[in-house]
Structures are given as structure tokens and as C-alpha cells.
>>> print(open('query38.cif').read())   # mmCIF, N, CA, C and O atoms
data_model
#
loop_
_atom_site.group_PDB
_atom_site.id
_atom_site.type_symbol
_atom_site.label_atom_id
_atom_site.label_comp_id
_atom_site.auth_asym_id
_atom_site.auth_seq_id
_atom_site.Cartn_x
_atom_site.Cartn_y
_atom_site.Cartn_z
ATOM 1 N N MET A 1 -15.389 9.804 5.623
ATOM 2 C CA MET A 1 -15.430 8.495 5.015
ATOM 3 C C MET A 1 -14.412 7.605 5.710
ATOM 4 O O MET A 1 -13.332 8.043 6.062
ATOM 5 N N LYS A 2 -14.757 6.352 5.885
ATOM 6 C CA LYS A 2 -13.874 5.419 6.578
ATOM 7 C C LYS A 2 -12.685 5.062 5.682
ATOM 8 O O LYS A 2 -12.810 5.030 4.453
ATOM 9 N N PRO A 3 -11.530 4.809 6.293
ATOM 10 C CA PRO A 3 -10.339 4.474 5.497
ATOM 11 C C PRO A 3 -10.539 3.260 4.597
ATOM 12 O O PRO A 3 -10.015 3.214 3.490
ATOM 13 N N PHE A 4 -11.322 2.271 5.066
ATOM 14 C CA PHE A 4 -11.556 1.091 4.238
ATOM 15 C C PHE A 4 -12.332 1.446 2.975
ATOM 16 O O PHE A 4 -12.032 0.936 1.895
ATOM 17 N N SER A 5 -13.315 2.333 3.086
ATOM 18 C CA SER A 5 -14.095 2.747 1.918
ATOM 19 C C SER A 5 -13.226 3.484 0.915
ATOM 20 O O SER A 5 -13.347 3.280 -0.295
ATOM 21 N N ILE A 6 -12.345 4.322 1.408
ATOM 22 C CA ILE A 6 -11.446 5.061 0.522
ATOM 23 C C ILE A 6 -10.490 4.100 -0.172
ATOM 24 O O ILE A 6 -10.215 4.230 -1.369
ATOM 25 N N LEU A 7 -10.012 3.113 0.572
ATOM 26 C CA LEU A 7 -9.130 2.113 -0.023
ATOM 27 C C LEU A 7 -9.848 1.330 -1.117
ATOM 28 O O LEU A 7 -9.288 1.070 -2.186
ATOM 29 N N MET A 8 -11.104 0.973 -0.891
ATOM 30 C CA MET A 8 -11.861 0.230 -1.901
ATOM 31 C C MET A 8 -12.100 1.069 -3.152
ATOM 32 O O MET A 8 -12.041 0.550 -4.264
ATOM 33 N N ILE A 9 -12.376 2.361 -2.987
ATOM 34 C CA ILE A 9 -12.545 3.240 -4.149
ATOM 35 C C ILE A 9 -11.250 3.300 -4.943
ATOM 36 O O ILE A 9 -11.247 3.209 -6.170
ATOM 37 N N ARG A 10 -10.140 3.425 -4.252
ATOM 38 C CA ARG A 10 -8.853 3.504 -4.934
ATOM 39 C C ARG A 10 -8.537 2.194 -5.659
ATOM 40 O O ARG A 10 -8.071 2.203 -6.801
ATOM 41 N N LEU A 11 -8.777 1.064 -5.015
ATOM 42 C CA LEU A 11 -8.517 -0.225 -5.654
ATOM 43 C C LEU A 11 -9.433 -0.472 -6.849
ATOM 44 O O LEU A 11 -8.999 -1.038 -7.854
ATOM 45 N N LEU A 12 -10.677 -0.054 -6.759
ATOM 46 C CA LEU A 12 -11.595 -0.212 -7.885
ATOM 47 C C LEU A 12 -11.134 0.624 -9.079
ATOM 48 O O LEU A 12 -11.144 0.153 -10.220
ATOM 49 N N GLY A 13 -10.718 1.834 -8.836
ATOM 50 C CA GLY A 13 -10.211 2.674 -9.913
ATOM 51 C C GLY A 13 -8.968 2.086 -10.552
ATOM 52 O O GLY A 13 -8.827 2.055 -11.778
ATOM 53 N N LEU A 14 -8.054 1.601 -9.737
ATOM 54 C CA LEU A 14 -6.834 0.986 -10.253
ATOM 55 C C LEU A 14 -7.152 -0.283 -11.042
ATOM 56 O O LEU A 14 -6.583 -0.530 -12.097
ATOM 57 N N TYR A 15 -8.095 -1.079 -10.540
ATOM 58 C CA TYR A 15 -8.503 -2.298 -11.237
ATOM 59 C C TYR A 15 -9.104 -1.986 -12.601
ATOM 60 O O TYR A 15 -8.749 -2.618 -13.601
ATOM 61 N N LEU A 16 -10.010 -1.014 -12.657
ATOM 62 C CA LEU A 16 -10.618 -0.657 -13.943
ATOM 63 C C LEU A 16 -9.572 -0.177 -14.936
ATOM 64 O O LEU A 16 -9.600 -0.537 -16.116
ATOM 65 N N PHE A 17 -8.640 0.618 -14.478
ATOM 66 C CA PHE A 17 -7.609 1.149 -15.359
ATOM 67 C C PHE A 17 -6.700 0.046 -15.882
ATOM 68 O O PHE A 17 -6.470 -0.075 -17.082
ATOM 69 N N LEU A 18 -6.196 -0.794 -14.986
ATOM 70 C CA LEU A 18 -5.241 -1.822 -15.402
ATOM 71 C C LEU A 18 -5.894 -2.943 -16.203
ATOM 72 O O LEU A 18 -5.292 -3.476 -17.130
ATOM 73 N N LYS A 19 -7.120 -3.305 -15.848
ATOM 74 C CA LYS A 19 -7.806 -4.384 -16.578
ATOM 75 C C LYS A 19 -7.977 -4.018 -18.046
ATOM 76 O O LYS A 19 -7.714 -4.825 -18.933
ATOM 77 N N THR A 20 -8.396 -2.805 -18.291
ATOM 78 C CA THR A 20 -8.595 -2.399 -19.683
ATOM 79 C C THR A 20 -7.273 -2.179 -20.404
ATOM 80 O O THR A 20 -7.161 -2.464 -21.596
ATOM 81 N N LEU A 21 -6.272 -1.717 -19.689
ATOM 82 C CA LEU A 21 -4.958 -1.553 -20.313
ATOM 83 C C LEU A 21 -4.401 -2.905 -20.748
ATOM 84 O O LEU A 21 -3.918 -3.054 -21.872
ATOM 85 N N PHE A 22 -4.491 -3.910 -19.878
ATOM 86 C CA PHE A 22 -3.968 -5.224 -20.220
ATOM 87 C C PHE A 22 -4.814 -5.936 -21.268
ATOM 88 O O PHE A 22 -4.334 -6.846 -21.928
ATOM 89 N N SER A 23 -6.050 -5.538 -21.444
ATOM 90 C CA SER A 23 -6.867 -6.162 -22.475
ATOM 91 C C SER A 23 -6.466 -5.695 -23.872
ATOM 92 O O SER A 23 -6.719 -6.377 -24.850
ATOM 93 N N VAL A 24 -5.848 -4.541 -23.971
ATOM 94 C CA VAL A 24 -5.450 -3.991 -25.268
ATOM 95 C C VAL A 24 -4.014 -4.358 -25.629
ATOM 96 O O VAL A 24 -3.681 -4.468 -26.805
ATOM 97 N N LEU A 25 -3.172 -4.583 -24.662
ATOM 98 C CA LEU A 25 -1.762 -4.834 -24.947
ATOM 99 C C LEU A 25 -1.510 -5.990 -25.918
ATOM 100 O O LEU A 25 -0.669 -5.835 -26.807
ATOM 101 N N PRO A 26 -2.177 -7.146 -25.815
ATOM 102 C CA PRO A 26 -1.908 -8.206 -26.802
ATOM 103 C C PRO A 26 -2.234 -7.790 -28.237
ATOM 104 O O PRO A 26 -1.546 -8.198 -29.169
ATOM 105 N N ALA A 27 -3.238 -6.981 -28.410
ATOM 106 C CA ALA A 27 -3.594 -6.541 -29.761
ATOM 107 C C ALA A 27 -2.543 -5.601 -30.340
ATOM 108 O O ALA A 27 -2.410 -5.488 -31.559
ATOM 109 N N LEU A 28 -1.801 -4.936 -29.492
ATOM 110 C CA LEU A 28 -0.771 -4.016 -29.987
ATOM 111 C C LEU A 28 0.483 -4.746 -30.454
ATOM 112 O O LEU A 28 1.322 -4.159 -31.125
ATOM 113 N N PHE A 29 0.627 -6.016 -30.094
ATOM 114 C CA PHE A 29 1.810 -6.772 -30.471
ATOM 115 C C PHE A 29 1.571 -7.734 -31.629
ATOM 116 O O PHE A 29 2.425 -8.568 -31.911
ATOM 117 N N ILE A 30 0.425 -7.630 -32.299
ATOM 118 C CA ILE A 30 0.188 -8.479 -33.458
ATOM 119 C C ILE A 30 1.026 -7.971 -34.628
ATOM 120 O O ILE A 30 1.404 -6.795 -34.670
ATOM 121 N N PRO A 31 1.337 -8.829 -35.606
ATOM 122 C CA PRO A 31 2.209 -8.415 -36.710
ATOM 123 C C PRO A 31 1.638 -7.250 -37.532
ATOM 124 O O PRO A 31 2.375 -6.354 -37.913
ATOM 125 N N ASN A 32 0.348 -7.249 -37.806
ATOM 126 C CA ASN A 32 -0.238 -6.183 -38.620
ATOM 127 C C ASN A 32 -1.014 -5.224 -37.730
ATOM 128 O O ASN A 32 -2.228 -5.128 -37.793
ATOM 129 N N VAL A 33 -0.291 -4.503 -36.900
ATOM 130 C CA VAL A 33 -0.958 -3.617 -35.938
ATOM 131 C C VAL A 33 -1.658 -2.456 -36.642
ATOM 132 O O VAL A 33 -2.602 -1.892 -36.113
ATOM 133 N N GLY A 34 -1.265 -2.127 -37.839
ATOM 134 C CA GLY A 34 -1.921 -1.051 -38.588
ATOM 135 C C GLY A 34 -3.371 -1.361 -38.907
ATOM 136 O O GLY A 34 -4.210 -0.462 -38.978
ATOM 137 N N GLU A 35 -3.683 -2.636 -39.088
ATOM 138 C CA GLU A 35 -5.063 -3.029 -39.360
ATOM 139 C C GLU A 35 -5.948 -2.882 -38.123
ATOM 140 O O GLU A 35 -7.154 -2.761 -38.234
ATOM 141 N N PHE A 36 -5.345 -2.923 -36.958
ATOM 142 C CA PHE A 36 -6.104 -2.802 -35.720
ATOM 143 C C PHE A 36 -6.675 -1.396 -35.545
ATOM 144 O O PHE A 36 -7.717 -1.212 -34.945
ATOM 145 N N TRP A 37 -5.987 -0.415 -36.074
ATOM 146 C CA TRP A 37 -6.393 0.981 -35.875
ATOM 147 C C TRP A 37 -7.268 1.500 -37.009
ATOM 148 O O TRP A 37 -7.307 2.684 -37.267
ATOM 149 N N THR A 38 -7.989 0.618 -37.688
ATOM 150 C CA THR A 38 -8.873 1.052 -38.764
ATOM 151 C C THR A 38 -10.066 1.813 -38.198
ATOM 152 O O THR A 38 -10.334 1.791 -37.000
ATOM 153 N N GLY A 39 -10.791 2.471 -39.077
ATOM 154 C CA GLY A 39 -11.951 3.237 -38.650
ATOM 155 C C GLY A 39 -13.057 2.384 -38.072
ATOM 156 O O GLY A 39 -13.878 2.867 -37.297
ATOM 157 N N GLU A 40 -13.096 1.110 -38.409
ATOM 158 C CA GLU A 40 -14.128 0.225 -37.874
ATOM 159 C C GLU A 40 -13.828 -0.197 -36.439
ATOM 160 O O GLU A 40 -14.729 -0.380 -35.631
ATOM 161 N N MET A 41 -12.575 -0.362 -36.114
ATOM 162 C CA MET A 41 -12.198 -0.824 -34.775
ATOM 163 C C MET A 41 -12.041 0.314 -33.776
ATOM 164 O O MET A 41 -12.144 0.094 -32.575
ATOM 165 N N LEU A 42 -11.785 1.514 -34.251
ATOM 166 C CA LEU A 42 -11.525 2.627 -33.333
ATOM 167 C C LEU A 42 -12.703 2.947 -32.420
ATOM 168 O O LEU A 42 -12.494 3.114 -31.210
ATOM 169 N N PRO A 43 -13.950 3.026 -32.906
ATOM 170 C CA PRO A 43 -15.062 3.281 -31.972
ATOM 171 C C PRO A 43 -15.232 2.173 -30.928
ATOM 172 O O PRO A 43 -15.512 2.450 -29.762
ATOM 173 N N ALA A 44 -15.027 0.918 -31.339
ATOM 174 C CA ALA A 44 -15.125 -0.189 -30.388
ATOM 175 C C ALA A 44 -14.001 -0.104 -29.357
ATOM 176 O O ALA A 44 -14.213 -0.372 -28.174
ATOM 177 N N LEU A 45 -12.827 0.282 -29.799
ATOM 178 C CA LEU A 45 -11.700 0.434 -28.881
ATOM 179 C C LEU A 45 -11.972 1.545 -27.869
ATOM 180 O O LEU A 45 -11.721 1.381 -26.676
ATOM 181 N N ILE A 46 -12.510 2.637 -28.339
ATOM 182 C CA ILE A 46 -12.824 3.750 -27.436
ATOM 183 C C ILE A 46 -13.886 3.330 -26.427
ATOM 184 O O ILE A 46 -13.774 3.614 -25.235
ATOM 185 N N ALA A 47 -14.901 2.634 -26.891
ATOM 186 C CA ALA A 47 -15.996 2.245 -26.002
ATOM 187 C C ALA A 47 -15.567 1.204 -24.973
ATOM 188 O O ALA A 47 -15.984 1.264 -23.818
ATOM 189 N N THR A 48 -14.727 0.269 -25.364
ATOM 190 C CA THR A 48 -14.384 -0.813 -24.451
ATOM 191 C C THR A 48 -13.137 -0.550 -23.621
ATOM 192 O O THR A 48 -12.948 -1.194 -22.592
ATOM 193 N N VAL A 49 -12.300 0.370 -24.049
ATOM 194 C CA VAL A 49 -11.047 0.596 -23.337
ATOM 195 C C VAL A 49 -10.977 1.988 -22.713
ATOM 196 O O VAL A 49 -10.740 2.129 -21.514
ATOM 197 N N MET A 50 -11.210 3.010 -23.505
ATOM 198 C CA MET A 50 -10.999 4.365 -22.994
ATOM 199 C C MET A 50 -12.041 4.774 -21.955
ATOM 200 O O MET A 50 -11.707 5.447 -20.985
ATOM 201 N N VAL A 51 -13.276 4.373 -22.127
ATOM 202 C CA VAL A 51 -14.320 4.763 -21.162
ATOM 203 C C VAL A 51 -14.042 4.158 -19.777
ATOM 204 O O VAL A 51 -14.058 4.891 -18.782
ATOM 205 N N PRO A 52 -13.739 2.844 -19.657
ATOM 206 C CA PRO A 52 -13.390 2.335 -18.320
ATOM 207 C C PRO A 52 -12.104 2.934 -17.757
ATOM 208 O O PRO A 52 -11.988 3.126 -16.552
ATOM 209 N N MET A 53 -11.129 3.239 -18.640
ATOM 210 C CA MET A 53 -9.903 3.872 -18.144
ATOM 211 C C MET A 53 -10.202 5.255 -17.584
ATOM 212 O O MET A 53 -9.652 5.643 -16.547
ATOM 213 N N LEU A 54 -11.067 5.999 -18.241
ATOM 214 C CA LEU A 54 -11.454 7.302 -17.722
ATOM 215 C C LEU A 54 -12.229 7.159 -16.416
ATOM 216 O O LEU A 54 -12.061 7.968 -15.497
ATOM 217 N N GLY A 55 -13.070 6.138 -16.329
ATOM 218 C CA GLY A 55 -13.799 5.887 -15.088
ATOM 219 C C GLY A 55 -12.862 5.540 -13.941
ATOM 220 O O GLY A 55 -13.037 6.010 -12.816
ATOM 221 N N GLY A 56 -11.870 4.731 -14.219
ATOM 222 C CA GLY A 56 -10.871 4.394 -13.199
ATOM 223 C C GLY A 56 -10.079 5.612 -12.768
ATOM 224 O O GLY A 56 -9.821 5.820 -11.582
ATOM 225 N N GLY A 57 -9.708 6.438 -13.725
ATOM 226 C CA GLY A 57 -9.007 7.680 -13.388
ATOM 227 C C GLY A 57 -9.873 8.619 -12.579
ATOM 228 O O GLY A 57 -9.404 9.289 -11.659
ATOM 229 N N ALA A 58 -11.169 8.645 -12.898
ATOM 230 C CA ALA A 58 -12.092 9.491 -12.139
ATOM 231 C C ALA A 58 -12.230 8.999 -10.708
ATOM 232 O O ALA A 58 -12.309 9.799 -9.773
ATOM 233 N N LEU A 59 -12.243 7.682 -10.505
ATOM 234 C CA LEU A 59 -12.329 7.151 -9.149
ATOM 235 C C LEU A 59 -11.081 7.469 -8.332
ATOM 236 O O LEU A 59 -11.173 7.803 -7.152
ATOM 237 N N VAL A 60 -9.919 7.388 -8.962
ATOM 238 C CA VAL A 60 -8.686 7.732 -8.255
ATOM 239 C C VAL A 60 -8.679 9.220 -7.913
ATOM 240 O O VAL A 60 -8.286 9.620 -6.816
ATOM 241 N N THR A 61 -9.144 10.054 -8.839
ATOM 242 C CA THR A 61 -9.239 11.492 -8.571
ATOM 243 C C THR A 61 -10.227 11.763 -7.449
ATOM 244 O O THR A 61 -9.972 12.596 -6.573
ATOM 245 N N LEU A 62 -11.339 11.044 -7.447
ATOM 246 C CA LEU A 62 -12.314 11.191 -6.377
ATOM 247 C C LEU A 62 -11.699 10.818 -5.036
ATOM 248 O O LEU A 62 -11.910 11.498 -4.029
ATOM 249 N N TYR A 63 -10.901 9.771 -5.024
ATOM 250 C CA TYR A 63 -10.220 9.370 -3.799
ATOM 251 C C TYR A 63 -9.314 10.490 -3.293
ATOM 252 O O TYR A 63 -9.300 10.808 -2.113
ATOM 253 N N ARG A 64 -8.564 11.097 -4.196
ATOM 254 C CA ARG A 64 -7.650 12.169 -3.786
ATOM 255 C C ARG A 64 -8.414 13.384 -3.272
ATOM 256 O O ARG A 64 -7.989 14.025 -2.320
ATOM 257 N N ARG A 65 -9.545 13.697 -3.884
ATOM 258 C CA ARG A 65 -10.367 14.820 -3.423
ATOM 259 C C ARG A 65 -10.924 14.547 -2.031
ATOM 260 O O ARG A 65 -10.926 15.421 -1.179
ATOM 261 N N ILE A 66 -11.403 13.327 -1.817
ATOM 262 C CA ILE A 66 -11.956 12.970 -0.515
ATOM 263 C C ILE A 66 -10.853 13.020 0.545
ATOM 264 O O ILE A 66 -11.053 13.517 1.648
ATOM 265 N N LYS A 67 -9.680 12.516 0.184
ATOM 266 C CA LYS A 67 -8.561 12.530 1.115
ATOM 267 C C LYS A 67 -8.166 13.971 1.444
ATOM 268 O O LYS A 67 -7.894 14.300 2.595
ATOM 269 N N TYR A 68 -8.137 14.831 0.436
ATOM 270 C CA TYR A 68 -7.770 16.239 0.641
ATOM 271 C C TYR A 68 -8.813 16.953 1.506
ATOM 272 O O TYR A 68 -8.468 17.698 2.419
ATOM 273 N N LEU A 69 -10.086 16.722 1.228
ATOM 274 C CA LEU A 69 -11.137 17.373 2.016
ATOM 275 C C LEU A 69 -11.187 16.845 3.439
ATOM 276 O O LEU A 69 -11.500 17.575 4.365
ATOM 277 N N GLY A 70 -10.855 15.579 3.614
ATOM 278 C CA GLY A 70 -10.859 15.007 4.959
ATOM 279 C C GLY A 70 -9.702 15.515 5.805
ATOM 280 O O GLY A 70 -9.769 15.485 7.029
ATOM 281 N N ALA A 71 -8.631 16.000 5.178
ATOM 282 C CA ALA A 71 -7.489 16.517 5.924
ATOM 283 C C ALA A 71 -7.823 17.817 6.625
ATOM 284 O O ALA A 71 -7.211 18.158 7.639
ATOM 285 N N ASP A 72 -8.806 18.560 6.117
ATOM 286 C CA ASP A 72 -9.174 19.831 6.728
ATOM 287 C C ASP A 72 -9.984 19.642 7.998
ATOM 288 O O ASP A 72 -10.039 20.534 8.835
ATOM 289 N N ARG A 73 -10.609 18.527 8.146
ATOM 290 C CA ARG A 73 -11.495 18.314 9.300
ATOM 291 C C ARG A 73 -10.784 17.762 10.488
ATOM 292 O O ARG A 73 -9.861 17.183 10.572
#
>>> encode(input="query38.cif", output="C-alpha cells")
Amino acid sequence: MKPFSILMIRLLGLYLFLKTLFSVLPALFIPNVGEFWTGEMLPALIATVMVPMLGGGALVTLYRRIKYLGADR
């Protein structure tokens, strides 16, 4: 794989992770943060935040695997 492609995979993973992290941070600083973690909001939080964060982490892991496998060749 070309170095530019690997760099783009890494940047995409980092972007997905940080974008979703920063989207949740303002909600954590509201005065009644306990209301944010209700049973109604938790599935929406998981769907909109945790899934893209896991995808970003998977892309970074994929980058490391590709880099490791390319070192043998």
C-alpha cells in the first residue's frame, strides 16, 4: 500500500474518533449531567458516538496492521 493511502486511513480514523468525542463533550458540562445519562438517551449516545469511535479505532488498528505486514516485505 502506498504511504499516502496509509496516511489517509490513519487521518480518517483519527477524524472519526475526535469528531465524535468533541460532539459529546459539551453535553457532559451541562448543569444537570445526570439527566443526560437516562435510559432514553443512552441508546442514542451509543449509536451516534460509540459506533463511530469504534470505527475510528478500527481504522487506526488497520493502519498499524498494514504497517506491520508491510515491514516484512
>>> atom_distance(input="query38.cif", atom1="atom N of Leu18 in chain A", atom2="atom N of Gly39 in chain A")
24.7 Å
>>> resolve_selection(input="query38.cif", expression="the PyMOL selection byres (((chain A and resi 45 and name CA) around 12) and name CA)", output="number ranges by chain")
A: 20-21, 23-25, 27-28, 36-44, 46-53
>>> atom_distance(input="query38.cif", atom1="atom N of Glu35 in chain A", atom2="atom O of Leu16 in chain A")
23.8 Å
>>> atom_distance(input="query38.cif", atom1="CA of Val60 in chain A", atom2="CA of Leu14 in chain A")
7.3 Å
>>> resolve_selection(input="query38.cif", expression="the PyMOL selection byres (((chain A and resi 2-8 and name CA) around 9) and name CA)", output="PDB file with N, CA, C and O atoms, in the frame of the given file")
ATOM      1  N   MET A   1     -15.389   9.804   5.623  1.00  0.00           N
ATOM      2  CA  MET A   1     -15.430   8.495   5.015  1.00  0.00           C
ATOM      3  C   MET A   1     -14.412   7.605   5.710  1.00  0.00           C
ATOM      4  O   MET A   1     -13.332   8.043   6.062  1.00  0.00           O
ATOM      5  N   ILE A   9     -12.376   2.361  -2.987  1.00  0.00           N
ATOM      6  CA  ILE A   9     -12.545   3.240  -4.149  1.00  0.00           C
ATOM      7  C   ILE A   9     -11.250   3.300  -4.943  1.00  0.00           C
ATOM      8  O   ILE A   9     -11.247   3.209  -6.170  1.00  0.00           O
ATOM      9  N   ARG A  10     -10.140   3.425  -4.252  1.00  0.00           N
ATOM     10  CA  ARG A  10      -8.853   3.504  -4.934  1.00  0.00           C
ATOM     11  C   ARG A  10      -8.537   2.194  -5.659  1.00  0.00           C
ATOM     12  O   ARG A  10      -8.071   2.203  -6.801  1.00  0.00           O
ATOM     13  N   LEU A  11      -8.777   1.064  -5.015  1.00  0.00           N
ATOM     14  CA  LEU A  11      -8.517  -0.225  -5.654  1.00  0.00           C
ATOM     15  C   LEU A  11      -9.433  -0.472  -6.849  1.00  0.00           C
ATOM     16  O   LEU A  11      -8.999  -1.038  -7.854  1.00  0.00           O
ATOM     17  N   LEU A  12     -10.677  -0.054  -6.759  1.00  0.00           N
ATOM     18  CA  LEU A  12     -11.595  -0.212  -7.885  1.00  0.00           C
ATOM     19  C   LEU A  12     -11.134   0.624  -9.079  1.00  0.00           C
ATOM     20  O   LEU A  12     -11.144   0.153 -10.220  1.00  0.00           O
ATOM     21  N   GLY A  13     -10.718   1.834  -8.836  1.00  0.00           N
ATOM     22  CA  GLY A  13     -10.211   2.674  -9.913  1.00  0.00           C
ATOM     23  C   GLY A  13      -8.968   2.086 -10.552  1.00  0.00           C
ATOM     24  O   GLY A  13      -8.827   2.055 -11.778  1.00  0.00           O
ATOM     25  N   TYR A  63     -10.901   9.771  -5.024  1.00  0.00           N
ATOM     26  CA  TYR A  63     -10.220   9.370  -3.799  1.00  0.00           C
ATOM     27  C   TYR A  63      -9.314  10.490  -3.293  1.00  0.00           C
ATOM     28  O   TYR A  63      -9.300  10.808  -2.113  1.00  0.00           O
ATOM     29  N   ILE A  66     -11.403  13.327  -1.817  1.00  0.00           N
ATOM     30  CA  ILE A  66     -11.956  12.970  -0.515  1.00  0.00           C
ATOM     31  C   ILE A  66     -10.853  13.020   0.545  1.00  0.00           C
ATOM     32  O   ILE A  66     -11.053  13.517   1.648  1.00  0.00           O
ATOM     33  N   LYS A  67      -9.680  12.516   0.184  1.00  0.00           N
ATOM     34  CA  LYS A  67      -8.561  12.530   1.115  1.00  0.00           C
ATOM     35  C   LYS A  67      -8.166  13.971   1.444  1.00  0.00           C
ATOM     36  O   LYS A  67      -7.894  14.300   2.595  1.00  0.00           O
TER      37      LYS A  67
END
>>> select_by_dssp(input="query38.cif", residues="chain A", states="helix (DSSP H, G or I)", output="PyMOL selection string")
chain A and resi 3-28+33-36+41-71
>>> axis_aligned_box(input="query38.cif", around="range 15-26 of chain A", padding_each_side="5 Å", output="lines of an AutoDock Vina configuration file")
center_x = -5.6
center_y = -3.5
center_z = -19.9
size_x = 19.9
size_y = 19.4
size_z = 28.6
